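Listing of input18.cif; format and content: mmCIF, C-alpha atoms and all ligand atoms.
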```
data_upload
#
loop_
_atom_site.label_atom_id
_atom_site.label_comp_id
_atom_site.auth_asym_id
_atom_site.auth_seq_id
_atom_site.Cartn_x
_atom_site.Cartn_y
_atom_site.Cartn_z
CA MET A 1 -3.86 53.18 -61.91
CA ARG A 2 -2.73 56.83 -62.30
CA ARG A 3 -4.32 57.63 -58.91
CA THR A 4 -2.49 54.73 -57.21
CA LEU A 5 0.81 55.92 -58.68
CA ALA A 6 0.16 59.45 -57.41
CA VAL A 7 -0.57 58.10 -53.90
CA VAL A 8 2.62 56.01 -53.99
CA LEU A 9 4.79 58.95 -55.12
CA LEU A 10 3.27 61.30 -52.55
CA ALA A 11 3.75 58.74 -49.82
CA LEU A 12 7.43 57.86 -50.41
CA PRO A 13 9.29 58.82 -47.23
CA THR A 14 11.13 62.08 -47.81
CA ALA A 15 14.20 62.35 -45.67
CA ALA A 16 14.97 66.06 -45.97
CA GLY A 17 16.25 67.12 -42.54
CA LYS A 18 14.60 64.17 -40.78
CA THR A 19 16.35 62.46 -37.91
CA VAL A 20 15.32 58.95 -36.93
CA ALA A 21 16.50 56.94 -33.93
CA LEU A 22 16.92 53.18 -34.22
CA THR A 23 17.44 50.37 -31.74
CA GLY A 24 18.54 46.84 -32.70
CA ALA A 25 20.86 48.18 -35.44
CA THR A 26 23.21 45.20 -35.19
CA GLY A 27 20.33 42.73 -35.62
CA ARG A 28 19.47 41.14 -38.95
CA LEU A 29 16.53 43.49 -39.41
CA GLY A 30 18.16 46.60 -37.96
CA ARG A 31 21.29 46.52 -40.12
CA ILE A 32 19.17 46.51 -43.30
CA ALA A 33 16.95 49.32 -42.02
CA VAL A 34 20.01 51.48 -41.21
CA GLN A 35 21.44 51.01 -44.70
CA LYS A 36 18.10 51.94 -46.28
CA LEU A 37 17.73 55.04 -44.08
CA SER A 38 21.23 56.17 -44.96
CA GLN A 39 20.66 55.62 -48.70
CA ARG A 40 17.51 57.74 -48.48
CA GLY A 41 19.28 60.64 -46.80
CA PHE A 42 17.89 60.35 -43.27
CA SER A 43 20.04 61.35 -40.32
CA THR A 44 20.02 58.24 -38.15
CA ARG A 45 20.99 57.81 -34.51
CA LEU A 46 21.75 54.22 -33.50
CA LEU A 47 21.73 52.80 -30.00
CA VAL A 48 24.61 50.33 -29.86
CA ARG A 49 25.76 48.26 -26.89
CA HIS A 50 29.25 47.57 -28.22
CA ASN A 51 32.51 49.46 -28.14
CA ILE A 52 33.43 50.12 -31.77
CA GLU A 53 36.71 51.96 -31.24
CA GLY A 54 39.40 50.21 -33.28
CA VAL A 55 37.01 47.46 -34.48
CA THR A 56 37.36 46.37 -38.12
CA PRO A 57 34.06 47.15 -39.87
CA SER A 58 32.19 44.30 -41.54
CA ILE A 59 28.71 43.71 -42.90
CA GLU A 60 29.18 39.96 -43.45
CA ALA A 61 26.20 37.99 -42.13
CA ASP A 62 28.33 36.19 -39.53
CA ALA A 63 30.38 39.23 -38.43
CA PRO A 64 30.30 40.04 -34.69
CA PRO A 65 27.85 42.80 -33.66
CA ALA A 66 30.67 45.27 -32.91
CA ALA A 67 32.00 44.88 -36.48
CA ILE A 68 28.49 45.40 -37.89
CA ALA A 69 28.06 48.51 -35.74
CA ALA A 70 31.49 49.82 -36.87
CA TYR A 71 30.39 49.36 -40.50
CA LEU A 72 27.06 51.11 -39.99
CA ALA A 73 28.74 53.97 -38.10
CA LYS A 74 30.66 54.88 -41.26
CA LEU A 75 27.54 55.24 -43.45
CA PRO A 76 26.45 58.77 -44.43
CA GLY A 77 24.18 60.43 -41.86
CA VAL A 78 24.72 57.79 -39.16
CA THR A 79 25.61 58.64 -35.54
CA VAL A 80 26.19 55.99 -32.89
CA VAL A 81 25.05 56.46 -29.30
CA LYS A 82 26.60 53.93 -26.91
CA GLY A 83 23.94 52.43 -24.68
CA ASP A 84 21.29 49.88 -23.95
CA VAL A 85 17.47 50.01 -23.96
CA THR A 86 17.53 48.99 -20.29
CA ASP A 87 19.47 52.16 -19.46
CA THR A 88 17.21 55.24 -19.37
CA ALA A 89 19.99 57.84 -19.70
CA SER A 90 21.32 56.39 -22.99
CA VAL A 91 17.80 56.15 -24.41
CA VAL A 92 17.19 59.83 -23.59
CA THR A 93 20.43 60.74 -25.42
CA LEU A 94 19.42 58.54 -28.35
CA LEU A 95 16.15 60.37 -28.96
CA GLU A 96 17.58 63.89 -28.80
CA GLY A 97 16.31 65.79 -31.85
CA CYS A 98 14.67 62.71 -33.43
CA GLU A 99 11.25 62.84 -35.09
CA ALA A 100 10.66 59.11 -34.87
CA CYS A 101 12.15 55.96 -33.41
CA LEU A 102 12.34 52.55 -35.04
CA ALA A 103 12.41 50.14 -32.10
CA LEU A 104 13.82 47.03 -33.79
CA HIS A 105 15.54 45.52 -30.76
CA GLY A 106 14.47 42.24 -29.17
CA ALA A 107 15.58 39.91 -26.40
CA ARG A 108 17.76 36.99 -27.48
CA ARG A 109 17.90 35.29 -24.06
CA THR A 110 17.04 31.61 -24.00
CA ARG A 111 15.51 30.06 -20.89
CA LYS A 112 18.06 28.75 -18.40
CA LEU A 113 17.72 25.69 -16.20
CA GLN A 114 18.09 27.75 -13.01
CA ASP A 115 15.01 29.81 -14.05
CA LEU A 116 12.98 26.82 -12.83
CA LEU A 117 14.25 27.24 -9.26
CA PRO A 118 11.51 28.85 -7.12
CA TRP A 119 13.92 31.30 -5.43
CA VAL A 120 15.38 32.56 -8.75
CA ASP A 121 13.79 35.61 -10.40
CA PRO A 122 14.97 35.43 -14.05
CA THR A 123 13.58 38.90 -14.81
CA THR A 124 16.48 40.43 -12.84
CA ASP A 125 18.75 39.34 -15.73
CA PRO A 126 19.21 42.46 -17.93
CA GLN A 127 18.90 40.23 -21.03
CA HIS A 128 15.46 38.93 -19.99
CA ALA A 129 12.56 39.71 -22.34
CA LYS A 130 10.83 41.69 -19.58
CA ARG A 131 13.82 44.03 -19.40
CA VAL A 132 14.39 44.28 -23.17
CA ASN A 133 10.97 43.93 -24.83
CA TYR A 134 8.93 45.66 -22.11
CA ASP A 135 11.14 47.94 -19.99
CA GLY A 136 13.05 48.90 -23.15
CA VAL A 137 9.82 50.10 -24.77
CA ARG A 138 8.81 51.87 -21.55
CA HIS A 139 12.10 53.77 -21.54
CA LEU A 140 11.77 54.70 -25.21
CA LEU A 141 8.23 55.97 -24.67
CA ALA A 142 9.28 58.08 -21.68
CA ALA A 143 12.27 59.47 -23.60
CA ALA A 144 10.08 60.23 -26.64
CA LYS A 145 7.71 62.26 -24.45
CA ALA A 146 10.61 64.06 -22.78
CA SER A 147 12.24 64.84 -26.15
CA GLY A 148 9.32 66.96 -27.35
CA THR A 149 10.32 66.03 -30.93
CA CYS A 150 9.82 62.26 -31.22
CA LYS A 151 6.20 61.79 -32.27
CA ARG A 152 6.15 58.18 -33.50
CA ILE A 153 7.57 54.87 -32.30
CA VAL A 154 7.59 52.03 -34.81
CA ARG A 155 7.84 48.78 -32.90
CA ILE A 156 8.47 45.30 -34.30
CA THR A 157 6.88 42.61 -32.17
CA GLY A 158 5.33 39.44 -33.61
CA LYS A 159 2.22 37.33 -33.40
CA GLY A 160 1.65 36.89 -29.68
CA GLU A 161 -1.97 37.63 -29.07
CA THR A 162 -2.85 33.95 -28.81
CA PRO A 163 -1.03 32.70 -25.71
CA TRP A 164 -2.32 29.16 -26.30
CA SER A 165 -0.94 28.68 -29.83
CA LEU A 166 1.86 26.11 -30.09
CA PHE A 167 4.12 28.80 -31.58
CA SER A 168 3.58 31.17 -28.62
CA ILE A 169 4.15 28.38 -26.10
CA LEU A 170 7.36 27.22 -27.81
CA ILE A 171 8.85 30.71 -28.15
CA ASN A 172 7.78 31.77 -24.65
CA THR A 173 9.17 28.54 -23.19
CA MET A 174 12.51 28.70 -24.97
CA GLY A 175 12.90 32.48 -25.18
CA SER A 176 12.20 33.78 -21.67
CA LEU A 177 8.61 34.82 -22.45
CA ALA A 178 9.66 36.97 -25.42
CA LYS A 179 6.17 36.95 -26.97
CA ALA A 180 4.44 37.67 -23.68
CA TRP A 181 6.61 40.71 -22.95
CA ASN A 182 6.39 41.95 -26.53
CA TYR A 183 2.61 42.07 -26.17
CA GLU A 184 2.89 43.94 -22.85
CA GLY A 185 5.20 46.43 -24.61
CA GLU A 186 2.55 46.88 -27.32
CA CYS A 187 -0.02 47.65 -24.60
CA LEU A 188 2.22 50.41 -23.21
CA LEU A 189 2.43 52.05 -26.62
CA ARG A 190 -1.33 51.81 -27.22
CA SER A 191 -2.11 53.26 -23.78
CA ASP A 192 -0.24 56.54 -24.35
CA ARG A 193 -1.88 59.34 -26.34
CA ARG A 194 1.13 61.68 -26.53
CA VAL A 195 3.35 59.58 -28.78
CA ASP A 196 1.94 57.71 -31.77
CA TYR A 197 2.86 54.13 -32.56
CA THR A 198 2.94 51.78 -35.51
CA ILE A 199 3.21 48.21 -34.28
CA ILE A 200 4.38 45.70 -36.88
CA ARG A 201 3.83 42.00 -36.29
CA PRO A 202 5.89 40.26 -38.98
CA GLY A 203 5.99 36.70 -40.19
CA ILE A 204 9.05 34.50 -39.86
CA MET A 205 12.06 36.51 -40.98
CA VAL A 206 14.43 33.89 -42.31
CA ALA A 207 18.16 34.67 -42.31
CA GLY A 208 19.45 34.96 -45.87
CA MET A 209 15.98 35.19 -47.49
CA GLU A 210 16.48 37.91 -50.09
CA ALA A 211 13.12 38.00 -51.86
CA LEU A 212 9.55 36.82 -51.44
CA ASP A 213 8.86 33.24 -52.49
CA GLU A 214 7.42 32.77 -55.96
CA GLY A 215 3.63 33.07 -56.06
CA THR A 216 3.54 35.36 -53.02
CA ALA A 217 3.24 39.10 -52.47
CA LEU A 218 3.30 41.53 -49.54
CA GLY A 219 0.24 41.45 -47.31
CA LEU A 220 -0.90 43.71 -44.47
CA ALA A 221 -3.78 43.42 -42.01
CA ASP A 222 -4.50 46.50 -39.89
CA ASN A 223 -6.43 46.90 -36.62
CA GLY A 224 -4.49 43.96 -35.09
CA GLY A 225 -5.97 41.64 -37.72
CA ASP A 226 -4.52 38.24 -38.39
CA LEU A 227 -2.86 36.68 -41.44
CA LYS A 228 -1.56 33.14 -41.91
CA VAL A 229 2.04 32.84 -40.66
CA SER A 230 4.54 32.84 -43.51
CA LYS A 231 8.18 33.54 -44.30
CA ILE A 232 9.09 37.11 -45.15
CA PRO A 233 12.47 38.73 -45.90
CA HIS A 234 14.04 41.04 -43.31
CA ALA A 235 14.36 43.61 -46.12
CA SER A 236 10.57 43.77 -46.62
CA ILE A 237 9.95 44.44 -42.93
CA ALA A 238 12.76 47.03 -42.85
CA GLU A 239 11.08 48.72 -45.81
CA LEU A 240 7.70 48.70 -44.06
CA ALA A 241 9.16 50.12 -40.83
CA ILE A 242 10.60 53.09 -42.74
CA GLU A 243 7.76 53.62 -45.21
CA CYS A 244 5.03 53.71 -42.59
CA LEU A 245 6.58 56.95 -41.25
CA ALA A 246 5.30 58.75 -44.34
CA TYR A 247 1.70 57.70 -43.67
CA PRO A 248 -0.18 59.69 -41.00
CA ASN A 249 -2.97 57.10 -41.29
CA ALA A 250 -0.52 54.42 -40.09
CA ALA A 251 -0.11 56.24 -36.77
CA ARG A 252 -1.78 54.32 -33.91
CA SER A 253 -2.08 51.20 -36.04
CA THR A 254 -1.24 47.55 -35.33
CA LEU A 255 -0.21 45.80 -38.53
CA CYS A 256 0.27 42.12 -39.26
CA ALA A 257 2.79 41.79 -42.13
CA MET A 258 3.01 38.46 -43.95
CA ALA A 259 3.62 37.08 -47.40
CA VAL A 260 0.26 36.24 -49.00
CA PRO A 261 -0.77 34.64 -52.32
CA THR A 262 0.06 37.05 -55.17
CA GLU A 263 -3.56 37.83 -56.00
CA GLU A 264 -4.24 38.91 -52.38
CA GLY A 265 -1.26 41.23 -51.94
CA ALA A 266 0.90 43.87 -53.60
CA SER A 267 4.46 44.16 -54.87
CA SER A 268 5.23 47.17 -52.64
CA TYR A 269 3.89 48.44 -49.31
CA ALA A 270 2.77 51.84 -50.63
CA PRO A 271 -0.71 50.82 -51.88
CA LEU A 272 -1.24 48.70 -48.75
CA LEU A 273 -0.16 51.48 -46.36
CA ALA A 274 -2.41 53.96 -48.16
CA LYS A 275 -5.41 51.88 -47.00
CA VAL A 276 -4.32 51.36 -43.38
CA LYS A 277 -6.56 52.78 -40.66
CA PRO A 278 -5.75 53.55 -37.02
CA ASP A 279 -6.77 50.84 -34.52
CA THR A 280 -10.40 50.83 -33.44
CA ARG A 281 -10.78 47.39 -31.88
CA GLU A 282 -10.40 46.65 -28.17
CA PHE A 283 -7.09 44.96 -27.34
CA ALA A 284 -6.78 43.02 -24.10
CA PRO A 285 -4.96 45.42 -21.70
CA THR A 286 -2.65 42.56 -20.64
CA LEU A 287 -2.19 38.89 -21.56
CA LEU A 288 0.64 38.18 -19.15
CA ALA A 289 -1.29 35.84 -16.82
CA GLN A 290 -2.59 33.85 -19.80
CA HIS A 291 0.88 33.61 -21.37
CA LEU A 292 2.34 32.40 -18.05
CA LEU A 293 -0.40 29.80 -17.60
CA ALA A 294 -0.05 28.60 -21.21
CA VAL A 295 3.72 28.19 -20.75
CA ARG A 296 3.23 26.22 -17.51
CA VAL A 297 0.58 23.91 -18.96
CA GLY A 298 2.14 23.64 -22.44
CA GLY A 299 5.69 23.34 -21.07
CA THR A 300 4.65 20.54 -18.71
CA ALA A 301 2.88 18.71 -21.57
CA LEU A 302 5.93 19.08 -23.83
CA ALA A 303 8.26 17.88 -21.05
CA ALA A 304 5.98 14.89 -20.37
CA LEU A 305 5.92 14.08 -24.09
CA ALA A 306 9.72 14.36 -24.32
CA THR A 307 10.26 12.23 -21.19
CA GLY A 308 7.69 9.71 -22.42
CA MET A 309 9.43 9.46 -25.78
CA ALA A 310 12.84 9.10 -24.13
CA SER A 311 11.55 6.25 -21.90
CA ALA A 312 9.94 4.56 -24.90
CA LEU A 313 13.26 4.78 -26.75
CA VAL A 314 15.18 3.22 -23.84
CA VAL A 315 12.62 0.36 -23.62
CA ALA A 316 12.86 -0.20 -27.40
CA VAL A 317 16.69 -0.35 -27.32
CA VAL A 318 16.63 -2.78 -24.37
CA ASN A 319 14.08 -5.02 -26.17
CA ILE A 320 16.11 -5.07 -29.39
CA PHE A 321 19.26 -5.89 -27.39
CA ARG A 322 17.47 -8.77 -25.60
CA ALA A 323 16.11 -10.11 -28.91
CA LEU A 324 19.60 -10.07 -30.45
CA MET A 325 21.02 -11.81 -27.39
CA ARG A 326 18.44 -14.57 -27.76
CA LEU A 327 19.30 -14.98 -31.44
CA PHE A 328 23.06 -15.15 -31.10
CA VAL A 329 23.79 -16.39 -27.58
N1 LIG B 1 13.30 36.83 -36.67
C1 LIG B 1 12.00 36.65 -36.74
O1 LIG B 1 11.49 35.74 -37.41
C2 LIG B 1 11.06 37.58 -36.01
C3 LIG B 1 9.70 37.39 -36.17
C4 LIG B 1 8.85 38.24 -35.52
C5 LIG B 1 9.36 39.26 -34.75
N2 LIG B 1 10.69 39.44 -34.60
C6 LIG B 1 11.18 40.56 -33.78
O2 LIG B 1 12.01 41.41 -34.56
C7 LIG B 1 13.20 41.72 -33.81
C8 LIG B 1 14.32 41.98 -34.78
O3 LIG B 1 14.59 40.79 -35.49
P1 LIG B 1 16.09 40.39 -35.84
O4 LIG B 1 16.02 39.17 -36.68
O5 LIG B 1 16.83 41.58 -36.32
O6 LIG B 1 16.67 40.01 -34.37
P2 LIG B 1 18.18 39.86 -33.90
O7 LIG B 1 19.07 39.61 -35.07
O8 LIG B 1 18.19 38.89 -32.77
O9 LIG B 1 18.56 41.31 -33.32
C9 LIG B 1 18.20 41.73 -32.04
C10 LIG B 1 18.76 43.13 -31.84
O10 LIG B 1 18.32 43.63 -30.57
C11 LIG B 1 19.45 44.18 -29.90
N3 LIG B 1 19.30 44.14 -28.45
C12 LIG B 1 19.05 43.08 -27.66
N4 LIG B 1 19.03 43.45 -26.36
C13 LIG B 1 19.26 44.79 -26.36
C14 LIG B 1 19.37 45.75 -25.33
N5 LIG B 1 19.23 45.43 -24.04
N6 LIG B 1 19.62 47.05 -25.66
C15 LIG B 1 19.79 47.40 -26.96
N7 LIG B 1 19.70 46.52 -27.99
C16 LIG B 1 19.44 45.24 -27.68
C17 LIG B 1 20.62 43.30 -30.35
O11 LIG B 1 21.82 43.98 -30.09
P3 LIG B 1 23.22 43.21 -29.80
O12 LIG B 1 23.87 42.99 -31.13
O13 LIG B 1 23.95 44.17 -28.96
O14 LIG B 1 22.90 41.92 -29.10
C18 LIG B 1 20.29 43.19 -31.84
O15 LIG B 1 20.71 44.34 -32.50
C19 LIG B 1 13.41 40.48 -32.94
O16 LIG B 1 14.23 40.72 -31.85
C20 LIG B 1 11.98 40.09 -32.58
O17 LIG B 1 11.59 40.80 -31.42
C21 LIG B 1 11.56 38.61 -35.22
#
```

What is this structure when it is put down as structure tokens?
Ligand SMILES: NC(=O)c1ccc[n+]([C@@H]2O[C@H](COP(=O)([O-])OP(=O)(O)OC[C@H]3O[C@@H](n4cnc5c(N)ncnc54)[C@H](OP(=O)(O)O)[C@@H]3O)[C@@H](O)[C@H]2O)c1
Amino acid sequence: MRRTLAVVLLALPTAAGKTVALTGATGRLGRIAVQKLSQRGFSTRLLVRHNIEGVTPSIEADAPPAAIAAYLAKLPGVTVVKGDVTDTASVVTLLEGCEACLALHGARRTRKLQDLLPWVDPTTDPQHAKRVNYDGVRHLLAAAKASGTCKRIVRITGKGETPWSLFSILINTMGSLAKAWNYEGECLLRSDRRVDYTIIRPGIMVAGMEALDEGTALGLADNGGDLKVSKIPHASIAELAIECLAYPNAARSTLCAMAVPTEEGASSYAPLLAKVKPDTREFAPTLLAQHLLAVRVGGTALAALATGMASALVVAVVNIFRALMRLFV
């Protein structure tokens, strides 16, 4: 017990003089991470897409992103860099003097009908997951190497190593291949030896979830291991993203972070992070072709199911109408 406490105390992230860059600050995860970093005395540089001049600050859940950014910009130790992960110059500026980068951004683009047209290339849209989840990571990695100071990128992705799971198919179909491109971004980070990574694959982060459900605790699987999908608060994942910086053993590790039954987990990440080991298993160097195939096959099946159900509904309504007509006419 005493030994565990000593490990926990030694491992708490000390902020003294540390500068951390962060993307996705206006997101539900990012805004919590920024507040925690500021409270702990880190200097934090945020990449923000919005103009915040003259914007009224707000941290209300439904406030527009510019208002959230204006609020965060006023916190102690926070500097805002105007830019976008798809723009290399702003990413280079972001990482100036930073020791680490928390890459908490993610594409929000939903699939559009015109994406189905054979002559349309949806990846040319700057909001597409390829541009945000993959190119964005590529730019951050290049900027980290150029900075000479940024030694670790903490990247939040998600479960996406099973292209054929219903969850992957649904999210890839609706969200412009967000899972597929997140995995490709992971591969970029794993393939580079000059900048370390900690990849976090969280469970379902539910808006407004403040604490773990009763009977559950924090769980971590390293080495790209799997855990049953569960709901987890944004605050827990924000905590993990910051805390892992204090653990050299969490460098070059791929962590699945879920809520698990109490007896299988812990009440804080410290004892779990203390046991994490760098990745040793072989990860597929790309899963893009499989993700694309799964979306085509799965998407077609889902469309057929939906069309089939719609036709069945029309036939049922017509039959009921005819039956009523026979009764009353
Ligand atoms: N929510 C979940 O259950 C879940 C589960 C597993 C993994 N994840 C991953 O975790 C990430 C963070 O979650 P969240 O709930 O905080 O998502 P979120 O609320 O949708 O936030 C996404 C953030 O990414 C930023 N962003 C998008 N495109 C950008 C670009 N081109 N350049 C710079 N920033 C850009 C957004 O900025 P703007 O305000 O400017 O749009 C926003 O700050 C997700 O995007 C996803 O990849 C989420």

Go through chain A and flag each residue having an atom no more than 9 Å from ligand LIG 1 (chain B); for those, report the closest pair of atoms plus their distance in Å to one decimal, using only C-alpha atoms and all ligand atoms, ordered by chain and rising number, as CSV.
```
residue,atom,partner,partner_atom,distance
A:Thr23,CA,B:LIG1,N7,5.8
A:Gly24,CA,B:LIG1,O15,3.3
A:Ala25,CA,B:LIG1,O15,4.8
A:Thr26,CA,B:LIG1,O15,3.8
A:Gly27,CA,B:LIG1,O9,3.2
A:Arg28,CA,B:LIG1,O5,3.8
A:Leu29,CA,B:LIG1,O5,3.6
A:Gly30,CA,B:LIG1,O5,5.4
A:Arg31,CA,B:LIG1,O5,7.7
A:Ile32,CA,B:LIG1,O5,8.9
A:Leu47,CA,B:LIG1,C15,6.5
A:Val48,CA,B:LIG1,O13,6.3
A:Arg49,CA,B:LIG1,O13,4.9
A:His50,CA,B:LIG1,O13,6.3
A:Pro64,CA,B:LIG1,O12,7.9
A:Pro65,CA,B:LIG1,O12,4.7
A:Ala66,CA,B:LIG1,O12,7.4
A:Ile68,CA,B:LIG1,O12,8.5
A:Ala69,CA,B:LIG1,O12,8.3
A:Gly83,CA,B:LIG1,C15,6.9
A:Asp84,CA,B:LIG1,N6,3.7
A:Val85,CA,B:LIG1,N6,4.0
A:Thr86,CA,B:LIG1,N5,5.4
A:Asp87,CA,B:LIG1,N6,8.0
A:Ala103,CA,B:LIG1,C7,8.6
A:Leu104,CA,B:LIG1,C8,5.2
A:His105,CA,B:LIG1,O10,3.4
A:Gly106,CA,B:LIG1,O16,3.1
A:Ala107,CA,B:LIG1,C12,4.9
A:Arg108,CA,B:LIG1,O8,5.6
A:Arg109,CA,B:LIG1,N4,8.6
A:Pro126,CA,B:LIG1,N5,6.8
A:Gln127,CA,B:LIG1,N5,6.0
A:His128,CA,B:LIG1,N5,8.5
A:Ala129,CA,B:LIG1,N4,8.5
A:Arg131,CA,B:LIG1,N5,7.3
A:Val132,CA,B:LIG1,N5,5.1
A:Asn133,CA,B:LIG1,O17,7.3
A:Gly136,CA,B:LIG1,N5,7.1
A:Arg155,CA,B:LIG1,O2,8.6
A:Ile156,CA,B:LIG1,O2,5.3
A:Thr157,CA,B:LIG1,C5,4.9
A:Gly158,CA,B:LIG1,C4,4.2
A:Lys159,CA,B:LIG1,C4,7.0
A:Ala178,CA,B:LIG1,O17,7.4
A:Lys179,CA,B:LIG1,O17,8.0
A:Asn182,CA,B:LIG1,O17,7.2
A:Ile200,CA,B:LIG1,C5,8.4
A:Arg201,CA,B:LIG1,C4,6.3
A:Pro202,CA,B:LIG1,C4,5.0
A:Gly203,CA,B:LIG1,C3,5.5
A:Ile204,CA,B:LIG1,O1,3.7
A:Met205,CA,B:LIG1,O1,3.7
A:Val206,CA,B:LIG1,O1,6.0
A:Ala207,CA,B:LIG1,O4,7.5
A:Lys231,CA,B:LIG1,O1,8.0
A:Ile232,CA,B:LIG1,O1,8.2
A:His234,CA,B:LIG1,O4,7.2
```

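Minimum distance to Leu94 (chain A) across A:Ile59, A:Ile169, A:Cys150, A:Gly219 (counting all atoms listed in the file) occurs at A:Cys150.
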
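Of the residues under consideration (A:Pro233, A:Pro163, A:Pro271, A:Gly308), A:Pro163 shows the shortest atom-to-atom contact distance to Leu287 (chain A) when counting only C-alpha atoms.
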
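Between CA of Ala238 (chain A) and CA of Lys36 (chain A) the interatomic distance comes to 8.0 Å.
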
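Residues with at least one atom no more than 9 Å from (9.3, 33.0, -49.7), using only C-alpha atoms, are Met209, Glu210, Ala211, Leu212, Asp213, Glu214, Gly215, Thr216, Ser230, Lys231, Ile232, Pro233 and Ala259 of chain A.
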
Cys101 (chain A) surroundings by all atoms listed in the file, 6 Å radius, close-in-sequence under 6 positions cut, as a list of chain:residue names: A:Val20, A:Ala21, A:Leu22, A:Ile153

Using all atoms listed in the file, which residues of region 190-235 of chain A come within 9 Å of region 248-254 of chain A, and what is the closest atom pair for each, with the distance in Å to one decimal? Give it as JSON lines, sorted by chain and residue number.
```
{"residue": "A:Arg190", "atom": "CA", "partner": "A:Arg252", "partner_atom": "CA", "distance": 7.2}
{"residue": "A:Val195", "atom": "CA", "partner": "A:Arg252", "partner_atom": "CA", "distance": 9.0}
{"residue": "A:Asp196", "atom": "CA", "partner": "A:Arg252", "partner_atom": "CA", "distance": 5.5}
{"residue": "A:Tyr197", "atom": "CA", "partner": "A:Arg252", "partner_atom": "CA", "distance": 4.8}
{"residue": "A:Thr198", "atom": "CA", "partner": "A:Ser253", "partner_atom": "CA", "distance": 5.1}
{"residue": "A:Ile199", "atom": "CA", "partner": "A:Thr254", "partner_atom": "CA", "distance": 4.6}
{"residue": "A:Ile200", "atom": "CA", "partner": "A:Thr254", "partner_atom": "CA", "distance": 6.1}
{"residue": "A:Arg201", "atom": "CA", "partner": "A:Thr254", "partner_atom": "CA", "distance": 7.6}
{"residue": "A:Ala221", "atom": "CA", "partner": "A:Thr254", "partner_atom": "CA", "distance": 8.3}
{"residue": "A:Asp222", "atom": "CA", "partner": "A:Thr254", "partner_atom": "CA", "distance": 5.7}
{"residue": "A:Asn223", "atom": "CA", "partner": "A:Thr254", "partner_atom": "CA", "distance": 5.4}
{"residue": "A:Gly224", "atom": "CA", "partner": "A:Thr254", "partner_atom": "CA", "distance": 4.8}
{"residue": "A:Gly225", "atom": "CA", "partner": "A:Thr254", "partner_atom": "CA", "distance": 7.9}
```

The selected residues should be written to file as a PDB file, in the coordinates of the input (atoms: C-alpha atoms).
```pdb
ATOM      1  CA  ARG A 190      -1.330  51.810 -27.220  1.00  0.00           C
ATOM      2  CA  VAL A 195       3.350  59.580 -28.780  1.00  0.00           C
ATOM      3  CA  ASP A 196       1.940  57.710 -31.770  1.00  0.00           C
ATOM      4  CA  TYR A 197       2.860  54.130 -32.560  1.00  0.00           C
ATOM      5  CA  THR A 198       2.940  51.780 -35.510  1.00  0.00           C
ATOM      6  CA  ILE A 199       3.210  48.210 -34.280  1.00  0.00           C
ATOM      7  CA  ILE A 200       4.380  45.700 -36.880  1.00  0.00           C
ATOM      8  CA  ARG A 201       3.830  42.000 -36.290  1.00  0.00           C
ATOM      9  CA  ALA A 221      -3.780  43.420 -42.010  1.00  0.00           C
ATOM     10  CA  ASP A 222      -4.500  46.500 -39.890  1.00  0.00           C
ATOM     11  CA  ASN A 223      -6.430  46.900 -36.620  1.00  0.00           C
ATOM     12  CA  GLY A 224      -4.490  43.960 -35.090  1.00  0.00           C
ATOM     13  CA  GLY A 225      -5.970  41.640 -37.720  1.00  0.00           C
TER      14      GLY A 225
END
```

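Distance check against Phe283 (chain A) using all atoms listed in the file: of A:Ala241, A:Leu116, A:Cys187, A:Leu102, the minimum falls on A:Cys187.
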
All residues 9 Å or closer to region 293-305 of chain A, all atoms listed in the file, same chain fewer than 5 positions away omitted, as a PyMOL selection string: chain A and resi 163-166+168-170+172-173+177+288+310

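Straight-line separation from CA of Ala143 (chain A) to CA of Leu189 (chain A): 12.7 Å.
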
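CA of Arg45 (chain A) lies 14.9 Å from CA of Arg152 (chain A).
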
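Candidate residues A:Tyr247, A:Phe321, A:Tyr269, A:Phe167 were compared for distance to His291 (chain A), and the nearest is A:Phe167, using all atoms listed in the file.
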
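Take the candidates A:Leu95, A:Leu245, A:Ala274, A:Leu117 and check each one against Thr149 (chain A) using all atoms listed in the file; the shortest distance goes to A:Leu95.
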
Pick from A:Gly77, A:Pro118, A:Gly97, A:Gly208, whichever lies nearest to Ala144 (chain A) using only C-alpha atoms: A:Gly97

Contact residues around Val55 (chain A) with only C-alpha atoms at 9 Å, ignoring same-chain residues under 4 positions, as a VMD selection string: chain A and resid 51 66 to 67 70

Test item: residues at most 10 Å from Gln39 (chain A), all atoms listed in the file, excluding those fewer than 5 positions along its chain, as a ChimeraX atom specification: /A:15,33-34,75-77
